[in-house]
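One file, start.csv, carrying CSV, C-alpha atoms and all ligand atoms:
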chain,number,residue,atom,x,y,z
A,296,MET,CA,-34.1,3.6,7.1
A,297,LYS,CA,-33.0,0.5,5.4
A,298,GLN,CA,-31.7,-2.6,7.1
A,299,VAL,CA,-28.6,-4.3,5.7
A,300,ASN,CA,-27.8,-8.0,6.4
A,301,ALA,CA,-24.1,-8.4,6.5
A,302,TYR,CA,-21.2,-10.4,8.0
A,303,ALA,CA,-18.9,-8.5,10.4
A,304,ALA,CA,-16.0,-9.2,12.6
A,305,ASN,CA,-16.0,-7.6,16.1
A,306,GLN,CA,-12.3,-7.7,16.7
A,307,ALA,CA,-9.0,-8.0,14.8
A,308,GLY,CA,-8.6,-11.5,13.4
A,309,GLY,CA,-12.1,-12.4,14.6
A,310,LYS,CA,-14.6,-14.7,12.8
A,311,LEU,CA,-17.2,-13.0,10.7
A,312,GLN,CA,-20.7,-13.2,12.2
A,313,LYS,CA,-24.1,-12.2,11.0
A,314,PHE,CA,-24.6,-8.5,11.6
A,315,GLN,CA,-27.4,-6.1,10.8
A,316,TYR,CA,-27.1,-2.4,10.5
A,317,GLU,CA,-29.3,0.5,9.4
A,318,LEU,CA,-28.5,2.8,6.5
A,319,LYS,CA,-29.6,6.4,6.9
A,320,GLN,CA,-31.6,8.2,4.2
A,321,LEU,CA,-30.0,8.0,0.8
A,322,GLY,CA,-28.0,11.1,-0.1
A,323,SER,CA,-28.9,12.9,-3.3
A,324,GLU,CA,-25.8,11.7,-5.2
A,325,GLN,CA,-25.7,8.2,-3.7
A,326,VAL,CA,-26.9,4.9,-4.9
A,327,ASP,CA,-27.7,1.6,-3.2
A,328,ILE,CA,-26.5,-1.6,-4.7
A,329,LYS,CA,-28.1,-5.0,-4.2
A,330,VAL,CA,-25.0,-7.2,-4.0
A,331,HIS,CA,-25.0,-10.3,-6.2
A,332,TYR,CA,-21.4,-11.3,-5.9
A,333,CYS,CA,-18.4,-10.0,-3.9
A,334,GLY,CA,-14.8,-11.0,-4.5
A,335,ILE,CA,-12.4,-11.4,-1.6
A,336,CYS,CA,-9.2,-9.4,-2.0
A,337,HIS,CA,-6.1,-9.8,0.2
A,338,SER,CA,-6.8,-6.3,1.5
A,339,ASP,CA,-10.0,-7.6,3.1
A,340,LEU,CA,-7.8,-10.0,5.1
A,341,SER,CA,-5.3,-7.3,6.0
A,342,MET,CA,-8.1,-5.0,7.1
A,343,LEU,CA,-9.8,-7.8,9.1
A,344,ASN,CA,-6.5,-8.4,10.9
A,345,ASN,CA,-6.1,-4.6,11.3
A,346,GLU,CA,-2.6,-4.8,9.8
A,347,TRP,CA,-2.7,-1.2,8.6
A,348,GLY,CA,-4.2,0.2,11.9
A,349,ARG,CA,-7.1,1.6,10.0
A,350,THR,CA,-9.9,-0.9,10.8
A,351,GLU,CA,-13.0,0.1,12.7
A,352,PHE,CA,-15.1,-2.7,14.3
A,353,PRO,CA,-17.6,-4.1,13.7
A,354,PHE,CA,-15.9,-4.5,10.4
A,355,VAL,CA,-17.8,-5.6,7.2
A,356,PRO,CA,-15.2,-6.5,4.5
A,357,GLY,CA,-15.9,-6.6,0.7
A,358,HIS,CA,-14.8,-4.3,-2.1
A,359,GLU,CA,-15.0,-6.3,-5.3
A,360,ILE,CA,-18.8,-6.0,-5.6
A,361,VAL,CA,-21.1,-6.8,-8.5
A,362,GLY,CA,-24.7,-6.0,-8.1
A,363,GLU,CA,-27.8,-4.2,-9.2
A,364,ILE,CA,-28.9,-0.6,-8.5
A,365,SER,CA,-31.8,-0.8,-6.0
A,366,ALA,CA,-32.1,3.0,-5.2
A,367,VAL,CA,-30.8,6.2,-6.7
A,368,GLY,CA,-30.6,9.7,-5.1
A,369,ALA,CA,-32.4,12.6,-6.7
A,370,GLU,CA,-29.2,14.1,-8.4
A,371,VAL,CA,-28.0,10.8,-9.9
A,372,LYS,CA,-28.1,11.2,-13.7
A,373,ASN,CA,-26.4,8.2,-15.1
A,374,LEU,CA,-27.9,5.2,-13.2
A,375,LYS,CA,-31.3,3.8,-12.7
A,376,VAL,CA,-32.9,1.0,-10.6
A,377,GLY,CA,-32.0,-2.3,-12.1
A,378,ASP,CA,-28.7,-1.3,-13.8
A,379,MET,CA,-25.8,-3.7,-13.2
A,380,VAL,CA,-22.8,-2.0,-11.6
A,381,GLY,CA,-19.5,-2.8,-10.0
A,382,LEU,CA,-18.0,-1.2,-6.9
A,383,GLY,CA,-14.3,-1.5,-5.9
A,384,TRP,CA,-12.0,0.0,-3.2
A,385,PHE,CA,-13.4,3.5,-3.5
A,386,SER,CA,-17.0,4.5,-2.9
A,387,GLU,CA,-16.7,8.3,-3.1
A,388,SER,CA,-14.3,11.0,-4.2
A,389,CYS,CA,-14.7,14.8,-3.8
A,390,MET,CA,-15.4,15.6,-7.5
A,391,TYR,CA,-13.9,19.1,-7.3
A,392,CYS,CA,-10.1,18.7,-6.6
A,393,ASN,CA,-7.6,18.8,-9.5
A,394,GLN,CA,-7.3,15.1,-9.5
A,395,CYS,CA,-11.0,14.5,-9.7
A,396,MET,CA,-11.4,17.3,-12.3
A,397,GLY,CA,-8.5,15.7,-14.3
A,398,GLY,CA,-10.1,12.3,-14.3
A,399,ASP,CA,-7.9,10.8,-11.7
A,400,HIS,CA,-10.5,10.3,-9.0
A,401,HIS,CA,-8.5,7.4,-7.5
A,402,LEU,CA,-5.8,10.0,-6.6
A,403,CYS,CA,-8.3,12.4,-4.8
A,404,GLY,CA,-7.1,13.4,-1.4
A,405,ASP,CA,-10.6,13.1,0.0
A,406,THR,CA,-11.9,9.7,-1.0
A,407,GLU,CA,-14.2,7.4,0.9
A,408,GLU,CA,-13.0,3.8,0.9
A,409,THR,CA,-15.6,1.1,0.7
A,410,ILE,CA,-14.3,-0.8,3.8
A,411,VAL,CA,-12.7,2.0,5.8
A,412,GLY,CA,-14.9,3.7,8.4
A,413,ARG,CA,-18.0,2.2,6.7
A,414,HIS,CA,-19.4,-1.1,5.8
A,415,GLY,CA,-18.5,-3.1,2.6
A,416,GLY,CA,-19.9,-5.7,0.4
A,417,PHE,CA,-20.1,-8.9,2.5
A,418,ALA,CA,-23.8,-7.9,2.7
A,419,ASP,CA,-27.0,-7.9,0.8
A,420,SER,CA,-26.7,-4.2,0.1
A,421,VAL,CA,-23.9,-1.6,-0.1
A,422,ARG,CA,-24.0,2.2,-0.7
A,423,SER,CA,-21.8,4.4,-2.9
A,424,HIS,CA,-21.5,7.7,-4.6
A,425,TRP,CA,-22.7,7.4,-8.2
A,426,SER,CA,-19.2,8.1,-9.6
A,427,TRP,CA,-17.7,4.9,-8.3
A,428,ALA,CA,-20.7,2.6,-9.2
A,429,ILE,CA,-19.3,1.5,-12.5
A,430,PRO,CA,-21.8,0.5,-15.1
A,431,LEU,CA,-21.1,-3.0,-16.3
A,432,PRO,CA,-21.0,-3.8,-20.1
A,433,LYS,CA,-23.7,-6.0,-21.4
A,434,ASN,CA,-22.7,-9.7,-21.7
A,435,ILE,CA,-20.2,-9.5,-18.8
A,436,ASP,CA,-20.0,-12.6,-16.7
A,437,ALA,CA,-21.2,-11.2,-13.3
A,438,ALA,CA,-20.0,-14.1,-11.3
A,439,LYS,CA,-16.4,-13.6,-12.3
A,440,ALA,CA,-16.4,-9.8,-12.8
A,441,GLY,CA,-16.1,-8.7,-9.1
A,442,PRO,CA,-12.3,-9.1,-8.8
A,443,LEU,CA,-11.8,-6.9,-11.8
A,444,LEU,CA,-13.1,-3.9,-9.8
A,445,CYS,CA,-10.1,-4.0,-7.4
A,446,GLY,CA,-7.5,-6.6,-8.4
A,447,GLY,CA,-8.2,-6.1,-12.2
A,448,ILE,CA,-7.9,-2.3,-12.3
A,449,THR,CA,-4.9,-2.4,-10.0
A,450,VAL,CA,-2.9,-4.3,-12.6
A,451,PHE,CA,-4.6,-2.7,-15.7
A,452,ASN,CA,-3.7,0.9,-14.8
A,453,PRO,CA,0.1,0.3,-14.8
A,454,ILE,CA,-0.1,-1.1,-18.3
A,455,ILE,CA,-1.6,2.2,-19.5
A,456,MET,CA,0.6,4.3,-17.3
A,457,ALA,CA,3.8,2.7,-18.5
A,458,GLY,CA,2.6,2.8,-22.2
A,459,VAL,CA,3.3,-0.9,-22.6
A,460,GLN,CA,3.4,-1.8,-26.3
A,461,PRO,CA,2.3,-5.1,-27.9
A,462,THR,CA,5.9,-5.6,-29.0
A,463,ASP,CA,7.2,-5.4,-25.4
A,464,ARG,CA,8.6,-8.2,-23.4
A,465,VAL,CA,7.1,-8.0,-19.9
A,466,GLY,CA,7.3,-9.8,-16.5
A,467,VAL,CA,4.8,-10.4,-13.7
A,468,ILE,CA,6.1,-11.1,-10.2
A,469,GLY,CA,3.8,-13.2,-8.0
A,470,ILE,CA,1.0,-15.3,-9.7
A,471,GLY,CA,-1.8,-15.0,-7.2
A,472,GLY,CA,-5.0,-12.9,-7.2
A,473,LEU,CA,-3.5,-9.9,-8.9
A,474,GLY,CA,-0.7,-11.5,-10.9
A,475,HIS,CA,-2.8,-14.0,-12.7
A,476,ILE,CA,-5.1,-11.3,-14.0
A,477,ALA,CA,-2.0,-9.3,-15.1
A,478,LEU,CA,-0.8,-12.3,-17.1
A,479,LYS,CA,-4.2,-12.5,-18.9
A,480,PHE,CA,-4.2,-8.8,-19.7
A,481,LEU,CA,-0.6,-8.7,-21.0
A,482,GLN,CA,-1.0,-11.8,-23.1
A,483,LYS,CA,-4.1,-10.3,-24.8
A,484,TRP,CA,-2.2,-7.0,-25.1
A,485,GLY,CA,0.2,-8.8,-27.4
A,486,CYS,CA,3.3,-8.9,-25.2
A,487,GLU,CA,5.7,-11.7,-24.6
A,488,VAL,CA,5.0,-12.5,-21.0
A,489,VAL,CA,7.4,-14.0,-18.4
A,490,ALA,CA,5.9,-15.1,-15.1
A,491,PHE,CA,8.0,-15.0,-12.0
A,492,SER,CA,6.8,-17.6,-9.5
A,493,SER,CA,8.1,-19.4,-6.5
A,494,SER,CA,5.5,-22.2,-6.8
A,495,PRO,CA,6.7,-24.6,-9.5
A,496,ASP,CA,3.5,-26.7,-9.0
A,497,LYS,CA,1.5,-23.8,-10.6
A,498,GLU,CA,3.6,-23.8,-13.8
A,499,ALA,CA,1.1,-25.6,-16.1
A,500,GLN,CA,-1.7,-23.4,-15.0
A,501,ILE,CA,0.4,-20.3,-15.4
A,502,LEU,CA,1.3,-21.2,-18.9
A,503,GLU,CA,-2.4,-21.8,-19.7
A,504,MET,CA,-3.2,-18.3,-18.4
A,505,GLY,CA,-1.0,-16.7,-21.0
A,506,ALA,CA,2.6,-16.7,-19.8
A,507,HIS,CA,5.1,-17.7,-22.4
A,508,ARG,CA,7.6,-18.7,-19.9
A,509,VAL,CA,7.8,-19.3,-16.1
A,510,ILE,CA,10.9,-18.3,-14.2
A,511,ASN,CA,11.5,-19.7,-10.8
A,512,SER,CA,12.0,-16.6,-8.8
A,513,ARG,CA,14.1,-18.4,-6.2
A,514,ASP,CA,16.7,-19.5,-8.8
A,515,SER,CA,19.1,-16.7,-9.5
A,516,THR,CA,20.6,-18.4,-12.6
A,517,GLN,CA,17.1,-18.4,-14.2
A,518,LEU,CA,16.9,-14.6,-13.4
A,519,GLU,CA,20.3,-14.1,-15.0
A,520,SER,CA,19.3,-15.9,-18.1
A,521,ILE,CA,16.9,-13.1,-19.0
A,522,ALA,CA,19.1,-10.2,-18.1
A,523,GLY,CA,18.4,-7.0,-20.0
A,524,SER,CA,15.3,-8.4,-21.7
A,525,LEU,CA,12.2,-7.0,-20.1
A,526,ASP,CA,10.6,-3.6,-20.9
A,527,PHE,CA,8.2,-3.7,-18.0
A,528,ILE,CA,7.8,-5.7,-14.8
A,529,ILE,CA,4.8,-5.5,-12.5
A,530,ASN,CA,5.3,-6.7,-9.0
A,531,THR,CA,2.1,-8.0,-7.3
A,532,THR,CA,3.7,-9.5,-4.2
A,533,ASN,CA,3.9,-7.7,-0.8
A,534,VAL,CA,7.2,-9.2,0.3
A,535,THR,CA,10.8,-7.9,0.1
A,536,LEU,CA,12.5,-9.3,-3.0
A,537,ASP,CA,16.0,-9.0,-4.4
A,538,TRP,CA,15.1,-5.8,-6.2
A,539,ASP,CA,18.5,-5.4,-7.8
A,540,ALA,CA,18.2,-8.8,-9.4
A,541,TYR,CA,14.9,-7.8,-11.0
A,542,LEU,CA,16.3,-4.5,-12.2
A,543,THR,CA,19.0,-6.5,-13.9
A,544,THR,CA,16.3,-8.3,-16.0
A,545,LEU,CA,15.0,-4.9,-17.3
A,546,ASN,CA,15.9,-3.6,-20.7
A,547,LYS,CA,17.2,-0.1,-21.1
A,548,LYS,CA,14.4,2.4,-20.1
A,549,GLY,CA,12.6,-0.5,-18.4
A,550,ARG,CA,10.2,0.1,-15.5
A,551,LEU,CA,9.6,-2.0,-12.4
A,552,HIS,CA,6.1,-1.1,-11.3
A,553,ASN,CA,4.8,-2.0,-7.8
A,554,VAL,CA,1.2,-2.7,-6.9
A,555,GLY,CA,2.0,-5.0,-4.0
A,556,ALA,CA,1.9,-3.2,-0.6
A,557,VAL,CA,5.5,-4.0,0.4
A,558,LEU,CA,5.7,-2.6,3.9
A,559,GLU,CA,9.5,-2.5,4.2
A,560,PRO,CA,11.5,0.2,2.4
A,561,MET,CA,12.8,-1.0,-1.0
A,562,ALA,CA,16.6,-1.1,-1.3
A,563,ILE,CA,17.3,0.2,-4.8
A,564,PRO,CA,20.9,0.9,-5.8
A,565,ALA,CA,21.0,4.2,-7.8
A,566,PHE,CA,23.5,2.9,-10.3
A,567,SER,CA,21.1,0.0,-11.2
A,568,LEU,CA,18.7,2.8,-12.4
A,569,ILE,CA,21.0,5.4,-13.8
A,570,GLY,CA,23.0,3.5,-16.5
A,571,GLY,CA,19.9,2.2,-18.3
A,572,GLU,CA,17.5,5.1,-17.5
A,573,LYS,CA,15.4,2.6,-15.6
A,574,SER,CA,12.6,3.5,-13.2
A,575,VAL,CA,10.8,2.2,-10.2
A,576,ALA,CA,7.1,3.2,-9.9
A,577,GLY,CA,3.9,2.4,-8.1
A,578,SER,CA,0.2,3.0,-8.4
A,579,PRO,CA,-3.1,2.4,-6.5
A,580,LEU,CA,-6.1,1.1,-8.4
A,581,GLY,CA,-7.3,3.3,-11.3
A,582,SER,CA,-9.9,5.9,-12.3
A,583,PRO,CA,-13.6,5.2,-12.9
A,584,ALA,CA,-13.2,5.9,-16.6
A,585,LEU,CA,-10.3,3.5,-17.0
A,586,THR,CA,-12.2,0.9,-15.0
A,587,ARG,CA,-15.0,1.1,-17.7
A,588,THR,CA,-12.4,0.8,-20.5
A,589,MET,CA,-10.9,-2.2,-18.7
A,590,LEU,CA,-14.3,-3.9,-18.4
A,591,ASP,CA,-14.9,-3.4,-22.1
A,592,PHE,CA,-11.5,-4.9,-22.9
A,593,CYS,CA,-12.3,-7.8,-20.7
A,594,VAL,CA,-15.6,-8.5,-22.4
A,595,ARG,CA,-14.0,-8.1,-25.9
A,596,HIS,CA,-11.2,-10.6,-25.1
A,597,ASP,CA,-13.1,-12.8,-22.6
A,598,ILE,CA,-10.6,-12.0,-19.8
A,599,TYR,CA,-11.8,-13.0,-16.4
A,600,PRO,CA,-10.1,-14.0,-13.2
A,601,THR,CA,-10.0,-17.7,-12.4
A,602,VAL,CA,-12.4,-17.9,-9.5
A,603,GLU,CA,-13.7,-20.2,-6.8
A,604,ILE,CA,-17.2,-19.4,-5.7
A,605,PHE,CA,-18.4,-19.8,-2.1
A,606,ASP,CA,-21.8,-18.9,-0.7
A,607,LEU,CA,-21.8,-15.9,1.6
A,608,ASP,CA,-22.9,-18.1,4.5
A,609,ASN,CA,-19.5,-19.9,4.1
A,610,VAL,CA,-17.6,-16.7,4.3
A,611,ASN,CA,-15.3,-17.8,7.2
A,612,GLN,CA,-14.3,-20.9,5.2
A,613,ALA,CA,-13.6,-18.7,2.2
A,614,MET,CA,-11.5,-16.3,4.2
A,615,GLN,CA,-9.5,-19.2,5.7
A,616,HIS,CA,-9.0,-20.7,2.2
A,617,LEU,CA,-7.4,-17.3,1.2
A,618,GLU,CA,-5.4,-17.0,4.4
A,619,ASP,CA,-4.0,-20.5,3.9
A,620,GLY,CA,-2.7,-19.5,0.4
A,621,LYS,CA,-5.0,-22.0,-1.3
A,622,ALA,CA,-7.0,-19.7,-3.4
A,623,ARG,CA,-6.8,-20.6,-7.1
A,624,TYR,CA,-6.8,-17.8,-7.9
A,625,ARG,CA,-9.5,-15.5,-6.6
A,626,VAL,CA,-12.4,-16.3,-4.2
A,627,VAL,CA,-15.8,-14.9,-4.9
A,628,LEU,CA,-18.8,-14.9,-2.6
A,629,LYS,CA,-22.2,-15.5,-4.1
A,630,VAL,CA,-24.5,-13.2,-2.1
A,631,THR,CA,-28.0,-13.1,-3.7
A,701,ZN,ZN,-8.7,-5.0,-3.0
A,702,ZN,ZN,-11.2,14.9,-5.4
Show me this structure written as structure tokens.
Amino acid sequence: MKQVNAYAANQAGGKLQKFQYELKQLGSEQVDIKVHYCGICHSDLSMLNNEWGRTEFPFVPGHEIVGEISAVGAEVKNLKVGDMVGLGWFSESCMYCNQCMGGDHHLCGDTEETIVGRHGGFADSVRSHWSWAIPLPKNIDAAKAGPLLCGGITVFNPIIMAGVQPTDRVGVIGIGGLGHIALKFLQKWGCEVVAFSSSPDKEAQILEMGAHRVINSRDSTQLESIAGSLDFIINTTNVTLDWDAYLTTLNKKGRLHNVGAVLEPMAIPAFSLIGGEKSVAGSPLGSPALTRTMLDFCVRHDIYPTVEIFDLDNVNQAMQHLEDGKARYRVVLKVT
């Protein structure tokens, strides 16, 4: 038995309080991770507020984890005590379905999610199947790497899926936790990058992060000024937008890719897609292998989220900062 010191909420929207729980014996394919840092993702807040009706209480958030392997099960071949790893939204997948066998473990129908029905990384220790404990490249900045494990891979995977080319013109909708990482990736990818933002006060920072141009998404004449120019747009917001206006900014064969969890159905006029062979797509996170590739790319190009670091003991203040829309641009908790 191993005791974990965590922070948990006892009810939807509740404050996080110190909480201890016992881990059962380590499974043969499992690892324990001593948590060093844990990013705060918007999904932690959604789960805390039980917005998706999937939260079990007491609830320990945290799925952007960077830490050190502290124990390995007997069948674990690739990790040893002391290795630095990252853990994101998923903590296990079945390893035998066609998706897992094809390398798409994030599409497995039988995954375990790090903060669903089990406890996450706002804690001094967290457990995972070996497959999702992603070895970190040497020289990575551990304090800033956590958000890459959820927010980062969520916006990196679509770049690969869509076959984005360095010669492409691309757009990013919503420059927050996910969107600001997407800007940095796409700029290093070689693209001409347009940022769509409704916060003009962020413009200088957005340009500094890699955008070549900022379009005020509330100004329809600005949207019209780039009609037909973008090969790929990634939407990171979770609100209903004027989808047709964005489809108009796409070039022929362009793709509008969604990673924001928009709860309302999207109204997409068929003719806005048909004439230019345009498409609307979506994706969740990415595979363990692509996560490793992304981390290497980040180290090579020095791509990190812009983070604000709070101590774990100030977790409620950190969550409030995010809820108030003040995070610039990702909050990370320093744990141990
Ligand atoms: Zn997340
Ligand atoms: Zn599977």
Q: Kindly provide, as number ranges by chain, the polymer residues lying within 8 Å of (-23.0, -2.1, -8.0), counting only C-alpha atoms and using the coordinates exactly as they appear in the file.
A: A: 327-330, 360-364, 379-382, 421, 428-430
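Selection of all polymer residues within 9 Å of ligand ZN 701 (chain A) on the basis of only C-alpha atoms and all ligand atoms gives Gly334, Ile335, Cys336, His337, Ser338, Asp339, Gly357, His358, Glu359, Gly383, Trp384, Pro442, Leu444, Cys445, Gly446, Thr449 and Leu580 of chain A.
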12 Å from ligand ZN 702 (chain A) is the threshold here; counting only C-alpha atoms and all ligand atoms, which polymer residues fall inside it? Answer as a compact mmCIF listing (two decimals) with C-alpha atoms, keeping the file's coordinate frame.
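Below is the file part_21.txt, written as the result:
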# COMPACT_ATOMS: atom_id res chain seq x y z
CA PHE A 385 -13.40 3.50 -3.50
CA GLU A 387 -16.70 8.30 -3.10
CA SER A 388 -14.30 11.00 -4.20
CA CYS A 389 -14.70 14.80 -3.80
CA MET A 390 -15.40 15.60 -7.50
CA TYR A 391 -13.90 19.10 -7.30
CA CYS A 392 -10.10 18.70 -6.60
CA ASN A 393 -7.60 18.80 -9.50
CA GLN A 394 -7.30 15.10 -9.50
CA CYS A 395 -11.00 14.50 -9.70
CA MET A 396 -11.40 17.30 -12.30
CA GLY A 397 -8.50 15.70 -14.30
CA GLY A 398 -10.10 12.30 -14.30
CA ASP A 399 -7.90 10.80 -11.70
CA HIS A 400 -10.50 10.30 -9.00
CA HIS A 401 -8.50 7.40 -7.50
CA LEU A 402 -5.80 10.00 -6.60
CA CYS A 403 -8.30 12.40 -4.80
CA GLY A 404 -7.10 13.40 -1.40
CA ASP A 405 -10.60 13.10 0.00
CA THR A 406 -11.90 9.70 -1.00
CA GLU A 407 -14.20 7.40 0.90
CA SER A 426 -19.20 8.10 -9.60
CA SER A 582 -9.90 5.90 -12.30
Q: Please tell me which residues are no farther than 12 Å from (26.6, -2.3, -8.5) in the file, counting all atoms listed in the file, and write them as a ChimeraX atom specification.
A: /A:539-540,542-543,563-570
Q) Excluding same-chain residues fewer than 3 positions from stretch 450-461 of chain A, what lies within 9 Å of it counting all atoms listed in the file, as a PyMOL selection string? A) chain A and resi 445-447+464-465+473-474+476-477+480-487+526-527+529+531+550+552-554+577-582+585-586+589
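Atom CA of A:Gly505 is positioned 5.7 Å from atom CA of A:Lys479.
Rounded to one decimal, atom CA of A:Asp591 and atom CA of A:Pro432 lie 6.4 Å from each other.
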Q | Selection: 9 Å around A:Gln306, all atoms listed in the file, excl. self and same-chain fewer than 3 positions, as a PyMOL selection string | A | chain A and resi 309-310+343-345+351-354
Residues at most 8 Å from A:Gly571, counting all atoms listed in the file, excluding those fewer than 5 positions away in the same chain, as an mmCIF file with C-alpha atoms, in the coordinates of the input?
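The resulting file, around.cif, is reproduced below:
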data_model
loop_
_atom_site.group_PDB
_atom_site.id
_atom_site.type_symbol
_atom_site.label_atom_id
_atom_site.label_comp_id
_atom_site.auth_asym_id
_atom_site.auth_seq_id
_atom_site.Cartn_x
_atom_site.Cartn_y
_atom_site.Cartn_z
ATOM 1 C CA ASN A 546 15.900 -3.600 -20.700
ATOM 2 C CA LYS A 547 17.200 -0.100 -21.100
ATOM 3 C CA LYS A 548 14.400 2.400 -20.100
ATOM 4 C CA GLY A 549 12.600 -0.500 -18.400
#
What lies within 7 Å of A:Ala490 using all atoms listed in the file, ignoring chain neighbours under 6 positions off, as an mmCIF file with C-alpha atoms, in the frame of the given file?
data_model
loop_
_atom_site.group_PDB
_atom_site.id
_atom_site.type_symbol
_atom_site.label_atom_id
_atom_site.label_comp_id
_atom_site.auth_asym_id
_atom_site.auth_seq_id
_atom_site.Cartn_x
_atom_site.Cartn_y
_atom_site.Cartn_z
ATOM 1 C CA GLY A 466 7.300 -9.800 -16.500
ATOM 2 C CA VAL A 467 4.800 -10.400 -13.700
ATOM 3 C CA ILE A 468 6.100 -11.100 -10.200
ATOM 4 C CA ALA A 506 2.600 -16.700 -19.800
ATOM 5 C CA ARG A 508 7.600 -18.700 -19.900
ATOM 6 C CA VAL A 509 7.800 -19.300 -16.100
ATOM 7 C CA ILE A 510 10.900 -18.300 -14.200
#
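Going from atom CA of A:Ala522 to atom CA of A:Ser492 covers 16.7 Å.
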Q) Do you know which residues are at most 8 Å from A:Arg422 counting only C-alpha atoms, after dropping those on the same chain fewer than 2 positions away, and could you put them as a PyMOL selection string? A) chain A and resi 325-328+386+420+424
Q: Compare A:Lys319, A:Lys297, A:Ser574, A:Tyr332 by their minimum atom-to-atom distance to A:Ala437, counting all atoms listed in the file, and give me the closest one.
A: A:Tyr332
Q) In terms of the shortest atom-to-atom distance over only C-alpha atoms, which of A:His414, A:Leu318, A:Ala304, A:Phe605 is closest to A:Thr631? A) A:Phe605
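Proximity to A:Gly415 was assessed for A:Val355, A:Leu558, A:Met342, A:Ala622 counting only C-alpha atoms; the smallest distance is recorded for A:Val355.
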